[in-house]
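**Q** Following this message is one structure expressed as structure tokens.
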Amino acid sequence: MAAPFWADHHDAANLHLAHHDVTLVAVSRGTWWDIERFKTRMDWKFKWVSSYGSDFNYDFHVSFNEDQIAKGEVYYNYERLEDATGCEELPGFSVFYKNASSEIFHTYSGYARAGDILICAYNYLDHTPKGRNEQRTMDWVRHHDSYERQPAGTHGQSESLLTS
Amino acid sequence: MITYPTSESLELHAVVSNEQWLIARKELLKKEKELTRLRDEISARRRELPWVRVKKNHVFEGPNGRETLADLFEGAASCSFSISCLVPAGKRGCDGCSFLGGPP
């Protein structure tokens, strides 16, 4: 659930990033048709492209091929995963720079909890009495159109976070 | 693992005077300032990391059809990609992360 939760924050950031020399693009290995269908459902506006058939996800260490998984040679977040049987990909983000000669450079990649700071809802929760209020990372997170209509505390308690 | 307070445990949470609260809050502020300065330092070191030239011509499919990595910059100098776990049909995404192949 990390990726959709994270993606919910892209459009808000993009209101400003797009005017500050930074382009934010989401990439998935799913086909363009699948991406477009899900993007419409989530009402997301940011650019989201398909890397289907490309090495991009593998080159930047967020997707792993069957051979790597079978041999237990999956490297994620700059180390070998102890248990790599779980999945073919994990979340991450990479940054590139294009110079005046249109040469492209890879400048940064972050994985796992490096993405925490980009999830604004977590930063709000970190200032409240119950904190992230989860047993396991993101165990409470749903697609934003799948929450029950009335969020409520179990015994009517609630937390307020006012901004000015 | 981090344990977060529950509604039950918060019933027993310390409640103090404004004056006592301010003392505790200022103690925390010292740590918050340390974090702010450390974050600034880490951000500076991130900017100072050396770069690696991208030689491969990755091609993507998007709203404008087939686009290269260079196309995706759309005129900006920096391009940041978030890579999401939307996997091709029939493939395994992360536990709870894949949103293809049926309702969430």
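Naming works like this for the structure tokens: A, B, ... for the chains as they're shown, residue 1 at the start of each chain, ligands 1 onward in shown order.
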Within 9 Å of segment 131-145 of chain A, counting only C-alpha atoms, which residues show up once you throw out same-chain ones fewer than 4 positions away? Write them as a ChimeraX atom specification, please.
**A** /A:1-2,4-5,8,41-42,122-127 /B:1-6,104
**Q** Near chain B, which residues of chain A fall within 7 Å when you count only C-alpha atoms, and what do they look like as number ranges by chain?
**A** A: 1-3, 21-32, 48-51, 54, 56, 86-99, 104-107, 130-133
**Q** So which bits of chain A end up helix (DSSP H, G or I) when you DSSP the backbone, as a ChimeraX atom specification?
**A** /A:2-7,10-17,32-42,56-59,66-71,112-118,120-125
**Q** So which residues touch segment 64-71 of chain A within 7 Å, counting only C-alpha atoms, skipping near sequence neighbours fewer than 2 positions away, as a list of chain:residue names?
**A**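 Residues meeting the cut-off are A:Tyr58, A:Val62, A:Glu73, A:Val74, A:Ala84, A:Thr85, A:Glu88, A:Glu89.
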**Q** Within 10 Å of Ala13 of chain A, counting only C-alpha atoms, which residues qualify if same-chain residues fewer than 2 places away don't, as a PyMOL selection string?
**A** chain A and resi 8-11+15-18+24+46+118+120
**Q** Mind giving me the straight-line distance from atom CA of Ala121 of chain A to atom CA of Asp43 of chain A in Å, one decimal?
**A**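 Computing it gives 18.0 Å between the two atoms.
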**Q** What's the separation between atom CA of Ala7 of chain A and atom CA of Gly72 of chain A, in Å to one decimal place?
**A**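 Value for the atom CA of Ala7 of chain A-atom CA of Gly72 of chain A distance: 29.4 Å.
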**Q** Counting only C-alpha atoms, figure out which residue out of A:Ile119, A:Ala112, A:Leu161, A:Ile35 gets nearest to Glu79 of chain A.
**A**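 Looking at the shortest contact to Glu79 of chain A, the residue is A:Ala112.
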**Q** Can you measure atom CA of Ala114 of chain A to atom CA of Tyr76 of chain A for me? One decimal in Å is fine.
**A**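 Result for atom CA of Ala114 of chain A versus atom CA of Tyr76 of chain A: 12.2 Å, one decimal.
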